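Shown next, in structure tokens, is the structure this report addresses.
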Amino acid sequence: MNIYEYSRRYQLPTNYYDSEEWSYYRSNSAVLASLPPFEALLSPENTFEVVRANLVIRSYFSKRRLEASYREGLSELKKDPSFDLYAHLEKTKKTLPYFQKGEEKIFIPFFSRSVNRLYREEMGRLDEPPYDGLLKNYEGLLLDPFETYGPELYASLFTRLVPVYRGKNGMSFYDFDAEALYLLNDQGRLDAALYYYDRFLPSVSKVKVIARSIPVSAAFYEGDRQCFLSALLEGRLLSARLLHMAEEDRRK
């Protein structure tokens, strides 16, 4: 096993399965079955996969809420020609998570920027060709949100992760629920995950964990293994015993 596998295997018990993120996933994961590119997230292999799944689920519900709001607004407009459809939609948008990409707000990350622009600014075009099929048959428009928008997507309101460090080849985030540091590449993929506080630590301190994670992340993205191990040890994030076990395994 490598250091990442050791950290996961020997992590002290957490309250992860009592967290809001896990509860949200457990309550809503069934919708992933209607999104074929994301069906694998129905069986997450780790806590990071739950983060990814919840991001997709929130995207799906944002799509549904925008469409429902638009239909409700049209119905009101038919009854009252003075009804402000724009204000109605803007009110709905204020309740939704989004990702800020330049000057644009992305409300549905599994769609491209151009399709998001339709939902954000021109929903009336969804009733016109060639967009009129989007409300029902949109599978062909689904794209990989993580690769499309990069690791910065995880810093948006679609997750509860806390950004830690931006390296030259990626970005790291801390998951307070899982007590884990996720080290991502520029394609929004997980390079490695460190699960903090193993059972061999003589004492556990969880204060200023973000600050303690910065030198770990910096060393990781610089490819400096010695500084990486030192930062974990000096930051009291993993024990000397666990690091020694991982290094011994690596030398075999």
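Here's how to read the names in the structure tokens: chain A, B, ... by the order shown, residue numbers from 1 in each chain, ligand numbers from 1 in the order shown.
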Residues within 7 Å of stretch 145-160 of chain A, please, as a PyMOL selection string. Count only C-alpha atoms; anything in the same chain fewer than 2 positions from it doesn't count. chain A and resi 51+55+58+97-99+109-110+143+162-163+171+184+186-188
Could you please take those selected residues and save N, CA and C atoms as an mmCIF file, in the first residue's frame?
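Full text of selection37.cif as output:
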data_model
loop_
_atom_site.group_PDB
_atom_site.id
_atom_site.type_symbol
_atom_site.label_atom_id
_atom_site.label_comp_id
_atom_site.auth_asym_id
_atom_site.auth_seq_id
_atom_site.Cartn_x
_atom_site.Cartn_y
_atom_site.Cartn_z
ATOM 1 N N VAL A 51 -18.649 13.505 -3.293
ATOM 2 C CA VAL A 51 -18.616 14.935 -3.639
ATOM 3 C C VAL A 51 -18.991 15.125 -5.105
ATOM 4 N N LEU A 55 -22.411 16.904 -6.703
ATOM 5 C CA LEU A 55 -22.311 18.027 -7.630
ATOM 6 C C LEU A 55 -23.202 17.785 -8.846
ATOM 7 N N ARG A 58 -26.916 18.056 -7.728
ATOM 8 C CA ARG A 58 -27.327 19.451 -7.566
ATOM 9 C C ARG A 58 -27.509 20.123 -8.926
ATOM 10 N N PRO A 97 -27.349 26.963 -6.440
ATOM 11 C CA PRO A 97 -25.883 26.992 -6.442
ATOM 12 C C PRO A 97 -25.385 27.357 -7.840
ATOM 13 N N TYR A 98 -24.192 27.918 -7.918
ATOM 14 C CA TYR A 98 -23.633 28.252 -9.217
ATOM 15 C C TYR A 98 -22.107 28.258 -9.153
ATOM 16 N N PHE A 99 -21.503 28.212 -10.325
ATOM 17 C CA PHE A 99 -20.063 28.296 -10.477
ATOM 18 C C PHE A 99 -19.759 29.538 -11.294
ATOM 19 N N PRO A 109 -23.594 22.642 -14.400
ATOM 20 C CA PRO A 109 -22.237 22.332 -14.854
ATOM 21 C C PRO A 109 -22.106 21.157 -15.819
ATOM 22 N N PHE A 110 -23.108 20.281 -15.891
ATOM 23 C CA PHE A 110 -22.971 19.192 -16.866
ATOM 24 C C PHE A 110 -23.436 19.613 -18.265
ATOM 25 N N LEU A 143 -22.030 16.622 -20.632
ATOM 26 C CA LEU A 143 -20.573 16.570 -20.732
ATOM 27 C C LEU A 143 -19.969 16.374 -19.351
ATOM 28 N N VAL A 162 -13.401 23.050 0.936
ATOM 29 C CA VAL A 162 -12.700 24.316 1.181
ATOM 30 C C VAL A 162 -11.406 24.323 0.374
ATOM 31 N N PRO A 163 -11.215 25.309 -0.514
ATOM 32 C CA PRO A 163 -9.956 25.384 -1.271
ATOM 33 C C PRO A 163 -8.768 25.573 -0.335
ATOM 34 N N MET A 171 -5.023 21.617 -7.946
ATOM 35 C CA MET A 171 -5.575 22.371 -6.824
ATOM 36 C C MET A 171 -5.995 21.399 -5.732
ATOM 37 N N LEU A 184 -6.095 17.415 -6.509
ATOM 38 C CA LEU A 184 -6.653 17.264 -7.845
ATOM 39 C C LEU A 184 -5.686 17.764 -8.908
ATOM 40 N N ASP A 186 -5.338 19.320 -13.078
ATOM 41 C CA ASP A 186 -6.023 20.378 -13.813
ATOM 42 C C ASP A 186 -7.208 19.880 -14.626
ATOM 43 N N GLN A 187 -7.383 18.579 -14.718
ATOM 44 C CA GLN A 187 -8.554 18.015 -15.388
ATOM 45 C C GLN A 187 -9.699 17.759 -14.404
ATOM 46 N N GLY A 188 -9.506 18.211 -13.159
ATOM 47 C CA GLY A 188 -10.545 18.029 -12.150
ATOM 48 C C GLY A 188 -10.629 16.613 -11.629
#
Would you give me, as a list in words, the residues in stretch 94-153 of chain A that DSSP reads as helix (DSSP H, G or I)?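 Residues meeting the helix (DSSP H, G or I) criterion: Arg113, Ser114, Val115, Asn116, Arg117, Leu118, Tyr119, Arg120, Glu121, Met123, Gly124, Arg125, Leu126, Asp127, Glu139, Gly140, Leu141, Pro145, Phe146, Glu147, Thr148, Tyr149, Pro151, Glu152 and Leu153 of chain A.
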Taking into account only C-alpha atoms, which residue in the set A:Leu32, A:Ala193, A:Leu201, A:Ala68 is nearest to A:Glu234?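 Once distances to A:Glu234 are computed over only C-alpha atoms, the minimum belongs to A:Leu201.
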Would you mind listing what lies within 12 Å of stretch 211-226 of chain A as an mmCIF file with all heavy atoms, in the first residue's frame, with only C-alpha atoms counted and same-chain residues fewer than 6 positions away left out?
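Output file result27.cif is given in full below:
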data_model
loop_
_atom_site.group_PDB
_atom_site.id
_atom_site.type_symbol
_atom_site.label_atom_id
_atom_site.label_comp_id
_atom_site.auth_asym_id
_atom_site.auth_seq_id
_atom_site.Cartn_x
_atom_site.Cartn_y
_atom_site.Cartn_z
ATOM 1 N N ILE A 3 1.106 5.610 0.791
ATOM 2 C CA ILE A 3 0.759 6.449 1.936
ATOM 3 C C ILE A 3 -0.723 6.821 1.943
ATOM 4 O O ILE A 3 -1.353 6.916 3.007
ATOM 5 C CB ILE A 3 1.652 7.717 1.955
ATOM 6 C CG1 ILE A 3 1.420 8.499 3.244
ATOM 7 C CG2 ILE A 3 1.421 8.579 0.726
ATOM 8 C CD1 ILE A 3 2.380 9.651 3.402
ATOM 9 N N VAL A 162 -13.401 23.050 0.936
ATOM 10 C CA VAL A 162 -12.700 24.316 1.181
ATOM 11 C C VAL A 162 -11.406 24.323 0.374
ATOM 12 O O VAL A 162 -10.573 23.425 0.533
ATOM 13 C CB VAL A 162 -12.377 24.483 2.680
ATOM 14 C CG1 VAL A 162 -11.614 25.777 2.920
ATOM 15 C CG2 VAL A 162 -13.658 24.445 3.508
ATOM 16 N N PRO A 163 -11.215 25.309 -0.514
ATOM 17 C CA PRO A 163 -9.956 25.384 -1.271
ATOM 18 C C PRO A 163 -8.768 25.573 -0.335
ATOM 19 O O PRO A 163 -8.842 26.335 0.636
ATOM 20 C CB PRO A 163 -10.143 26.617 -2.167
ATOM 21 C CG PRO A 163 -11.611 26.877 -2.173
ATOM 22 C CD PRO A 163 -12.137 26.404 -0.854
ATOM 23 N N VAL A 164 -7.695 24.873 -0.618
ATOM 24 C CA VAL A 164 -6.496 24.955 0.215
ATOM 25 C C VAL A 164 -5.346 25.607 -0.534
ATOM 26 O O VAL A 164 -4.731 26.566 -0.058
ATOM 27 C CB VAL A 164 -6.066 23.547 0.704
ATOM 28 C CG1 VAL A 164 -4.741 23.622 1.465
ATOM 29 C CG2 VAL A 164 -7.145 22.940 1.592
ATOM 30 N N TYR A 165 -5.050 25.105 -1.736
ATOM 31 C CA TYR A 165 -3.834 25.547 -2.431
ATOM 32 C C TYR A 165 -3.987 25.377 -3.932
ATOM 33 O O TYR A 165 -4.556 24.374 -4.393
ATOM 34 C CB TYR A 165 -2.645 24.717 -1.936
ATOM 35 C CG TYR A 165 -1.304 25.106 -2.491
ATOM 36 C CD1 TYR A 165 -0.576 26.164 -1.940
ATOM 37 C CD2 TYR A 165 -0.751 24.417 -3.569
ATOM 38 C CE1 TYR A 165 0.669 26.518 -2.442
ATOM 39 C CE2 TYR A 165 0.497 24.764 -4.072
ATOM 40 C CZ TYR A 165 1.199 25.814 -3.506
ATOM 41 O OH TYR A 165 2.432 26.167 -4.009
ATOM 42 N N ARG A 166 -3.484 26.365 -4.692
ATOM 43 C CA ARG A 166 -3.460 26.257 -6.157
ATOM 44 C C ARG A 166 -2.024 26.023 -6.585
ATOM 45 O O ARG A 166 -1.164 26.877 -6.427
ATOM 46 C CB ARG A 166 -3.996 27.549 -6.797
ATOM 47 C CG ARG A 166 -4.150 27.484 -8.343
ATOM 48 C CD ARG A 166 -5.002 26.326 -8.726
ATOM 49 N NE ARG A 166 -5.529 26.330 -10.072
ATOM 50 C CZ ARG A 166 -5.150 25.470 -11.030
ATOM 51 N NH1 ARG A 166 -4.163 24.610 -10.815
ATOM 52 N NH2 ARG A 166 -5.750 25.442 -12.196
ATOM 53 N N GLY A 167 -1.737 24.811 -7.087
ATOM 54 C CA GLY A 167 -0.398 24.470 -7.543
ATOM 55 C C GLY A 167 -0.261 24.656 -9.038
ATOM 56 O O GLY A 167 -1.222 25.000 -9.727
ATOM 57 N N LYS A 168 0.915 24.400 -9.557
ATOM 58 C CA LYS A 168 1.135 24.603 -10.989
ATOM 59 C C LYS A 168 0.447 23.526 -11.825
ATOM 60 O O LYS A 168 0.219 23.720 -13.019
ATOM 61 C CB LYS A 168 2.624 24.622 -11.300
ATOM 62 C CG LYS A 168 3.382 23.362 -10.888
ATOM 63 C CD LYS A 168 4.873 23.526 -11.144
ATOM 64 C CE LYS A 168 5.648 22.278 -10.712
ATOM 65 N NZ LYS A 168 7.106 22.447 -10.914
ATOM 66 N N ASN A 169 0.102 22.401 -11.207
ATOM 67 C CA ASN A 169 -0.539 21.309 -11.951
ATOM 68 C C ASN A 169 -1.887 20.885 -11.387
ATOM 69 O O ASN A 169 -2.402 19.824 -11.734
ATOM 70 C CB ASN A 169 0.383 20.081 -11.977
ATOM 71 C CG ASN A 169 1.713 20.380 -12.636
ATOM 72 O OD1 ASN A 169 1.738 20.967 -13.704
ATOM 73 N ND2 ASN A 169 2.800 19.983 -11.995
ATOM 74 N N GLY A 170 -2.446 21.678 -10.500
ATOM 75 C CA GLY A 170 -3.722 21.284 -9.918
ATOM 76 C C GLY A 170 -4.099 22.120 -8.712
ATOM 77 O O GLY A 170 -3.537 23.192 -8.486
ATOM 78 N N MET A 171 -5.023 21.617 -7.946
ATOM 79 C CA MET A 171 -5.575 22.371 -6.824
ATOM 80 C C MET A 171 -5.995 21.399 -5.732
ATOM 81 O O MET A 171 -6.487 20.298 -6.021
ATOM 82 C CB MET A 171 -6.777 23.179 -7.324
ATOM 83 C CG MET A 171 -7.295 24.242 -6.412
ATOM 84 S SD MET A 171 -8.534 25.265 -7.303
ATOM 85 C CE MET A 171 -8.983 26.393 -5.976
ATOM 86 N N SER A 172 -5.795 21.792 -4.475
ATOM 87 C CA SER A 172 -6.176 20.917 -3.366
ATOM 88 C C SER A 172 -7.355 21.505 -2.596
ATOM 89 O O SER A 172 -7.543 22.723 -2.549
ATOM 90 C CB SER A 172 -4.994 20.678 -2.421
ATOM 91 O OG SER A 172 -4.589 21.882 -1.793
ATOM 92 N N PHE A 173 -8.138 20.603 -1.987
ATOM 93 C CA PHE A 173 -9.324 20.981 -1.227
ATOM 94 C C PHE A 173 -9.400 20.147 0.039
ATOM 95 O O PHE A 173 -8.964 18.994 0.052
ATOM 96 C CB PHE A 173 -10.595 20.736 -2.048
ATOM 97 C CG PHE A 173 -10.722 21.603 -3.262
ATOM 98 C CD1 PHE A 173 -10.117 21.230 -4.456
ATOM 99 C CD2 PHE A 173 -11.439 22.782 -3.217
ATOM 100 C CE1 PHE A 173 -10.223 22.023 -5.580
ATOM 101 C CE2 PHE A 173 -11.557 23.586 -4.344
ATOM 102 C CZ PHE A 173 -10.947 23.209 -5.524
ATOM 103 N N TYR A 174 -10.013 20.734 1.064
ATOM 104 C CA TYR A 174 -10.204 19.985 2.303
ATOM 105 C C TYR A 174 -11.684 19.678 2.489
ATOM 106 O O TYR A 174 -12.552 20.524 2.270
ATOM 107 C CB TYR A 174 -9.690 20.755 3.518
ATOM 108 C CG TYR A 174 -9.672 19.902 4.761
ATOM 109 C CD1 TYR A 174 -8.775 18.845 4.879
ATOM 110 C CD2 TYR A 174 -10.572 20.119 5.796
ATOM 111 C CE1 TYR A 174 -8.770 18.026 6.002
ATOM 112 C CE2 TYR A 174 -10.567 19.312 6.928
ATOM 113 C CZ TYR A 174 -9.661 18.262 7.014
ATOM 114 O OH TYR A 174 -9.664 17.457 8.130
ATOM 115 N N ASP A 175 -11.950 18.446 2.891
ATOM 116 C CA ASP A 175 -13.294 17.969 3.162
ATOM 117 C C ASP A 175 -13.423 17.787 4.677
ATOM 118 O O ASP A 175 -12.889 16.838 5.246
ATOM 119 C CB ASP A 175 -13.514 16.629 2.435
ATOM 120 C CG ASP A 175 -14.931 16.090 2.570
ATOM 121 O OD1 ASP A 175 -15.611 16.455 3.538
ATOM 122 O OD2 ASP A 175 -15.329 15.287 1.707
ATOM 123 N N GLU A 179 -12.675 14.582 6.776
ATOM 124 C CA GLU A 179 -11.351 14.897 7.330
ATOM 125 C C GLU A 179 -10.267 14.423 6.361
ATOM 126 O O GLU A 179 -9.352 13.677 6.716
ATOM 127 C CB GLU A 179 -11.189 14.276 8.721
ATOM 128 C CG GLU A 179 -12.197 14.863 9.708
ATOM 129 C CD GLU A 179 -12.045 14.347 11.132
ATOM 130 O OE1 GLU A 179 -11.389 13.296 11.323
ATOM 131 O OE2 GLU A 179 -12.581 14.991 12.054
ATOM 132 N N ALA A 180 -10.420 14.879 5.113
ATOM 133 C CA ALA A 180 -9.538 14.421 4.043
ATOM 134 C C ALA A 180 -9.085 15.589 3.172
ATOM 135 O O ALA A 180 -9.844 16.544 2.939
ATOM 136 C CB ALA A 180 -10.249 13.397 3.174
ATOM 137 N N LEU A 181 -7.860 15.486 2.694
ATOM 138 C CA LEU A 181 -7.305 16.448 1.750
ATOM 139 C C LEU A 181 -7.322 15.810 0.364
ATOM 140 O O LEU A 181 -6.720 14.760 0.153
ATOM 141 C CB LEU A 181 -5.866 16.813 2.132
ATOM 142 C CG LEU A 181 -5.157 17.816 1.214
ATOM 143 C CD1 LEU A 181 -5.779 19.212 1.367
ATOM 144 C CD2 LEU A 181 -3.662 17.861 1.525
ATOM 145 N N TYR A 182 -8.017 16.462 -0.577
ATOM 146 C CA TYR A 182 -8.085 15.962 -1.946
ATOM 147 C C TYR A 182 -7.118 16.750 -2.821
ATOM 148 O O TYR A 182 -7.184 17.986 -2.863
ATOM 149 C CB TYR A 182 -9.499 16.098 -2.511
ATOM 150 C CG TYR A 182 -10.569 15.412 -1.699
ATOM 151 C CD1 TYR A 182 -11.769 16.056 -1.410
ATOM 152 C CD2 TYR A 182 -10.396 14.114 -1.217
ATOM 153 C CE1 TYR A 182 -12.769 15.432 -0.676
ATOM 154 C CE2 TYR A 182 -11.383 13.477 -0.481
ATOM 155 C CZ TYR A 182 -12.565 14.147 -0.205
ATOM 156 O OH TYR A 182 -13.542 13.518 0.530
ATOM 157 N N LEU A 183 -6.245 16.043 -3.511
ATOM 158 C CA LEU A 183 -5.237 16.659 -4.370
ATOM 159 C C LEU A 183 -5.628 16.381 -5.815
ATOM 160 O O LEU A 183 -5.531 15.249 -6.293
ATOM 161 C CB LEU A 183 -3.856 16.093 -4.031
ATOM 162 C CG LEU A 183 -3.436 16.382 -2.572
ATOM 163 C CD1 LEU A 183 -2.619 15.240 -1.997
ATOM 164 C CD2 LEU A 183 -2.673 17.692 -2.486
ATOM 165 N N LEU A 184 -6.095 17.415 -6.509
ATOM 166 C CA LEU A 184 -6.653 17.264 -7.845
ATOM 167 C C LEU A 184 -5.686 17.764 -8.908
ATOM 168 O O LEU A 184 -4.863 18.647 -8.654
ATOM 169 C CB LEU A 184 -7.962 18.048 -7.971
ATOM 170 C CG LEU A 184 -9.005 17.884 -6.854
ATOM 171 C CD1 LEU A 184 -10.273 18.633 -7.230
ATOM 172 C CD2 LEU A 184 -9.298 16.427 -6.598
ATOM 173 N N ASN A 185 -5.839 17.231 -10.125
ATOM 174 C CA ASN A 185 -5.062 17.740 -11.248
ATOM 175 C C ASN A 185 -5.895 18.774 -12.004
ATOM 176 O O ASN A 185 -7.038 19.070 -11.637
ATOM 177 C CB ASN A 185 -4.598 16.604 -12.160
ATOM 178 C CG ASN A 185 -5.750 15.761 -12.688
ATOM 179 O OD1 ASN A 185 -6.826 16.284 -13.002
ATOM 180 N ND2 ASN A 185 -5.533 14.454 -12.794
ATOM 181 N N ASP A 186 -5.338 19.320 -13.078
ATOM 182 C CA ASP A 186 -6.023 20.378 -13.813
ATOM 183 C C ASP A 186 -7.208 19.880 -14.626
ATOM 184 O O ASP A 186 -7.956 20.689 -15.186
ATOM 185 C CB ASP A 186 -5.034 21.115 -14.725
ATOM 186 C CG ASP A 186 -4.251 22.186 -13.982
ATOM 187 O OD1 ASP A 186 -4.780 22.706 -12.975
ATOM 188 O OD2 ASP A 186 -3.125 22.506 -14.385
ATOM 189 N N ASP A 191 -5.896 13.105 -8.005
ATOM 190 C CA ASP A 191 -4.578 12.469 -8.068
ATOM 191 C C ASP A 191 -4.323 11.647 -6.814
ATOM 192 O O ASP A 191 -3.752 10.561 -6.877
ATOM 193 C CB ASP A 191 -3.479 13.527 -8.230
ATOM 194 C CG ASP A 191 -3.260 13.928 -9.677
ATOM 195 O OD1 ASP A 191 -3.750 13.222 -10.579
ATOM 196 O OD2 ASP A 191 -2.602 14.957 -9.916
ATOM 197 N N ALA A 192 -4.747 12.189 -5.671
ATOM 198 C CA ALA A 192 -4.523 11.492 -4.406
ATOM 199 C C ALA A 192 -5.432 12.081 -3.322
ATOM 200 O O ALA A 192 -5.856 13.235 -3.413
ATOM 201 C CB ALA A 192 -3.067 11.620 -3.975
ATOM 202 N N ALA A 193 -5.710 11.264 -2.314
ATOM 203 C CA ALA A 193 -6.491 11.723 -1.158
ATOM 204 C C ALA A 193 -5.781 11.295 0.117
ATOM 205 O O ALA A 193 -5.394 10.137 0.257
ATOM 206 C CB ALA A 193 -7.899 11.150 -1.193
ATOM 207 N N LEU A 194 -5.602 12.235 1.002
ATOM 208 C CA LEU A 194 -5.000 11.948 2.309
ATOM 209 C C LEU A 194 -6.082 12.033 3.371
ATOM 210 O O LEU A 194 -6.753 13.068 3.503
ATOM 211 C CB LEU A 194 -3.902 12.962 2.620
ATOM 212 C CG LEU A 194 -2.570 12.775 1.901
ATOM 213 C CD1 LEU A 194 -1.747 14.054 1.997
ATOM 214 C CD2 LEU A 194 -1.795 11.600 2.474
ATOM 215 N N TYR A 195 -6.268 10.956 4.109
ATOM 216 C CA TYR A 195 -7.255 10.924 5.183
ATOM 217 C C TYR A 195 -6.514 11.150 6.498
ATOM 218 O O TYR A 195 -5.716 10.326 6.934
ATOM 219 C CB TYR A 195 -8.005 9.591 5.166
ATOM 220 C CG TYR A 195 -8.916 9.482 3.968
ATOM 221 C CD1 TYR A 195 -8.433 9.035 2.742
ATOM 222 C CD2 TYR A 195 -10.242 9.880 4.050
ATOM 223 C CE1 TYR A 195 -9.257 8.974 1.627
ATOM 224 C CE2 TYR A 195 -11.081 9.822 2.942
ATOM 225 C CZ TYR A 195 -10.582 9.362 1.730
ATOM 226 O OH TYR A 195 -11.393 9.312 0.623
ATOM 227 N N TYR A 196 -6.764 12.295 7.091
ATOM 228 C CA TYR A 196 -6.006 12.739 8.258
ATOM 229 C C TYR A 196 -6.367 11.984 9.545
ATOM 230 O O TYR A 196 -7.428 11.399 9.667
ATOM 231 C CB TYR A 196 -6.244 14.221 8.502
ATOM 232 C CG TYR A 196 -5.590 15.156 7.506
ATOM 233 C CD1 TYR A 196 -5.944 16.505 7.485
ATOM 234 C CD2 TYR A 196 -4.624 14.712 6.605
ATOM 235 C CE1 TYR A 196 -5.345 17.388 6.597
ATOM 236 C CE2 TYR A 196 -4.012 15.589 5.717
ATOM 237 C CZ TYR A 196 -4.392 16.923 5.711
ATOM 238 O OH TYR A 196 -3.795 17.802 4.837
ATOM 239 N N SER A 205 -5.012 17.071 17.007
ATOM 240 C CA SER A 205 -5.435 18.475 17.018
ATOM 241 C C SER A 205 -6.029 18.795 15.659
ATOM 242 O O SER A 205 -5.395 18.558 14.628
ATOM 243 C CB SER A 205 -4.251 19.403 17.301
ATOM 244 O OG SER A 205 -4.632 20.755 17.112
ATOM 245 N N LEU A 232 3.567 16.610 6.569
ATOM 246 C CA LEU A 232 2.551 15.777 7.217
ATOM 247 C C LEU A 232 2.924 15.493 8.668
ATOM 248 O O LEU A 232 2.066 15.522 9.564
ATOM 249 C CB LEU A 232 2.398 14.458 6.460
ATOM 250 C CG LEU A 232 1.660 14.526 5.120
ATOM 251 C CD1 LEU A 232 1.832 13.215 4.356
ATOM 252 C CD2 LEU A 232 0.178 14.815 5.338
ATOM 253 N N LEU A 233 4.184 15.236 8.881
ATOM 254 C CA LEU A 233 4.665 14.913 10.227
ATOM 255 C C LEU A 233 4.659 16.148 11.122
ATOM 256 O O LEU A 233 4.130 16.123 12.239
ATOM 257 C CB LEU A 233 6.070 14.322 10.137
ATOM 258 C CG LEU A 233 6.672 13.790 11.441
ATOM 259 C CD1 LEU A 233 5.804 12.684 12.020
ATOM 260 C CD2 LEU A 233 8.089 13.274 11.193
ATOM 261 N N GLU A 234 5.232 17.237 10.625
ATOM 262 C CA GLU A 234 5.313 18.464 11.422
ATOM 263 C C GLU A 234 3.934 19.082 11.648
ATOM 264 O O GLU A 234 3.704 19.741 12.665
ATOM 265 C CB GLU A 234 6.236 19.458 10.727
ATOM 266 C CG GLU A 234 7.693 19.011 10.704
ATOM 267 C CD GLU A 234 8.568 19.855 9.797
ATOM 268 O OE1 GLU A 234 8.075 20.904 9.307
ATOM 269 O OE2 GLU A 234 9.724 19.473 9.564
ATOM 270 N N GLY A 235 3.040 18.854 10.690
ATOM 271 C CA GLY A 235 1.682 19.374 10.857
ATOM 272 C C GLY A 235 0.819 18.506 11.742
ATOM 273 O O GLY A 235 -0.339 18.830 11.987
ATOM 274 N N ARG A 236 1.360 17.379 12.207
ATOM 275 C CA ARG A 236 0.650 16.438 13.074
ATOM 276 C C ARG A 236 -0.658 15.979 12.418
ATOM 277 O O ARG A 236 -1.688 15.851 13.065
ATOM 278 C CB ARG A 236 0.383 17.071 14.441
ATOM 279 C CG ARG A 236 1.635 17.282 15.266
ATOM 280 C CD ARG A 236 1.403 18.121 16.502
ATOM 281 N NE ARG A 236 1.058 19.483 16.160
ATOM 282 C CZ ARG A 236 -0.027 20.104 16.606
ATOM 283 N NH1 ARG A 236 -0.856 19.487 17.435
ATOM 284 N NH2 ARG A 236 -0.288 21.353 16.259
ATOM 285 N N LEU A 237 -0.550 15.712 11.111
ATOM 286 C CA LEU A 237 -1.701 15.257 10.339
ATOM 287 C C LEU A 237 -1.702 13.740 10.191
ATOM 288 O O LEU A 237 -2.762 13.110 10.148
ATOM 289 C CB LEU A 237 -1.702 15.931 8.965
ATOM 290 C CG LEU A 237 -1.785 17.463 9.033
ATOM 291 C CD1 LEU A 237 -1.454 18.092 7.686
ATOM 292 C CD2 LEU A 237 -3.168 17.899 9.510
ATOM 293 N N LEU A 238 -0.515 13.160 10.086
ATOM 294 C CA LEU A 238 -0.329 11.715 10.091
ATOM 295 C C LEU A 238 0.833 11.388 11.018
ATOM 296 O O LEU A 238 1.743 12.199 11.209
ATOM 297 C CB LEU A 238 -0.052 11.189 8.676
ATOM 298 C CG LEU A 238 -1.198 11.301 7.657
ATOM 299 C CD1 LEU A 238 -0.730 10.829 6.277
ATOM 300 C CD2 LEU A 238 -2.421 10.507 8.103
ATOM 301 N N LEU A 243 3.713 6.880 8.524
ATOM 302 C CA LEU A 243 4.611 7.285 7.435
ATOM 303 C C LEU A 243 5.746 6.281 7.262
ATOM 304 O O LEU A 243 6.143 5.959 6.136
ATOM 305 C CB LEU A 243 5.162 8.687 7.704
ATOM 306 C CG LEU A 243 4.127 9.824 7.716
ATOM 307 C CD1 LEU A 243 4.793 11.146 8.055
ATOM 308 C CD2 LEU A 243 3.401 9.923 6.383
ATOM 309 N N GLU A 247 6.560 4.070 3.936
ATOM 310 C CA GLU A 247 7.873 4.145 3.292
ATOM 311 C C GLU A 247 8.520 2.765 3.204
ATOM 312 O O GLU A 247 9.163 2.429 2.208
ATOM 313 C CB GLU A 247 8.773 5.119 4.056
ATOM 314 C CG GLU A 247 8.415 6.582 3.836
ATOM 315 C CD GLU A 247 8.525 6.979 2.370
ATOM 316 O OE1 GLU A 247 9.652 7.174 1.881
ATOM 317 O OE2 GLU A 247 7.473 7.070 1.701
#
Closest of A:Phe200, A:Phe111, A:Tyr119, A:Tyr17 to A:Gly140 - atom-to-atom distances counting only C-alpha atoms: A:Phe111
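Those residues of stretch 171-241 of chain A that DSSP, working from the backbone, places in strand (DSSP E or B) are Met171, Ser172, Phe173, Tyr174, Asp175, Ala180, Leu181, Tyr182, Leu183, Leu184, Asn185, Leu190, Asp191, Ala192, Ala193, Leu194, Tyr195 and Asp198 of chain A.
Atom CA of A:Phe107 lies 14.9 Å from atom CA of A:Leu141.
With atom CA of A:Ala231 on one side and atom CA of A:Leu12 on the other, the separation reads 19.6 Å.
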What's around A:Phe38 at 9 Å? Count only C-alpha atoms, leave out sequence neighbours fewer than 5 positions away in its own chain, and write the answer as a list of chain:residue names.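 So the residues in contact are A:Leu32, A:Ala33, A:Ala53, A:Val56, A:Asp144.
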If you keep N, CA and C atoms, can you produce a file of those selected residues as a CSV table (one decimal), in the first residue's frame?
chain,number,residue,atom,x,y,z
A,32,LEU,N,-29.3,9.7,-10.4
A,32,LEU,CA,-28.1,9.4,-11.2
A,32,LEU,C,-28.4,8.4,-12.3
A,33,ALA,N,-29.4,7.5,-12.0
A,33,ALA,CA,-29.8,6.4,-12.9
A,33,ALA,C,-30.4,7.0,-14.2
A,53,ALA,N,-20.6,13.0,-7.1
A,53,ALA,CA,-22.0,12.6,-7.3
A,53,ALA,C,-23.0,13.8,-6.9
A,56,VAL,N,-23.2,16.6,-9.4
A,56,VAL,CA,-24.0,16.2,-10.5
A,56,VAL,C,-25.5,16.3,-10.1
A,144,ASP,N,-18.7,16.1,-19.3
A,144,ASP,CA,-18.0,15.9,-18.1
A,144,ASP,C,-17.8,17.3,-17.4
Hey, which of A:Arg125, A:Arg120, A:Arg189, A:Arg9 ends up closest to A:Tyr86? Count only C-alpha atoms. A:Arg120
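Separating atom CA of A:Asn137 from atom CA of A:Lys93 is a distance of 22.8 Å.
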Need to verify the contact set: A:Gln11, 6 Å, only C-alpha atoms, exclusion of same-chain residues closer than 4 positions in sequence. Can you return it as a list in words?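 Selected residues are Ser7, Tyr197 and Asp198 of chain A.
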Let me see the file: selected residues, all heavy atoms, as a compact mmCIF listing (two decimals), in the first residue's frame.
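Output (part_22.txt):
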# COMPACT_ATOMS: atom_id res chain seq x y z
N SER A 7 -3.32 5.91 4.87
CA SER A 7 -4.06 6.96 5.59
C SER A 7 -5.56 6.63 5.64
O SER A 7 -6.22 6.89 6.65
CB SER A 7 -3.82 8.33 4.96
OG SER A 7 -4.50 8.46 3.72
N TYR A 197 -5.43 12.10 10.50
CA TYR A 197 -5.59 11.65 11.87
C TYR A 197 -5.72 10.12 11.97
O TYR A 197 -6.82 9.58 12.11
CB TYR A 197 -6.80 12.32 12.54
CG TYR A 197 -6.90 13.80 12.26
CD1 TYR A 197 -8.05 14.36 11.72
CD2 TYR A 197 -5.82 14.65 12.53
CE1 TYR A 197 -8.15 15.71 11.46
CE2 TYR A 197 -5.90 16.02 12.26
CZ TYR A 197 -7.07 16.54 11.73
OH TYR A 197 -7.16 17.87 11.45
N ASP A 198 -4.58 9.47 11.88
CA ASP A 198 -4.59 8.01 11.98
C ASP A 198 -4.53 7.57 13.44
O ASP A 198 -4.24 8.37 14.34
CB ASP A 198 -3.41 7.42 11.19
CG ASP A 198 -2.07 7.87 11.72
OD1 ASP A 198 -1.53 7.20 12.61
OD2 ASP A 198 -1.56 8.91 11.24
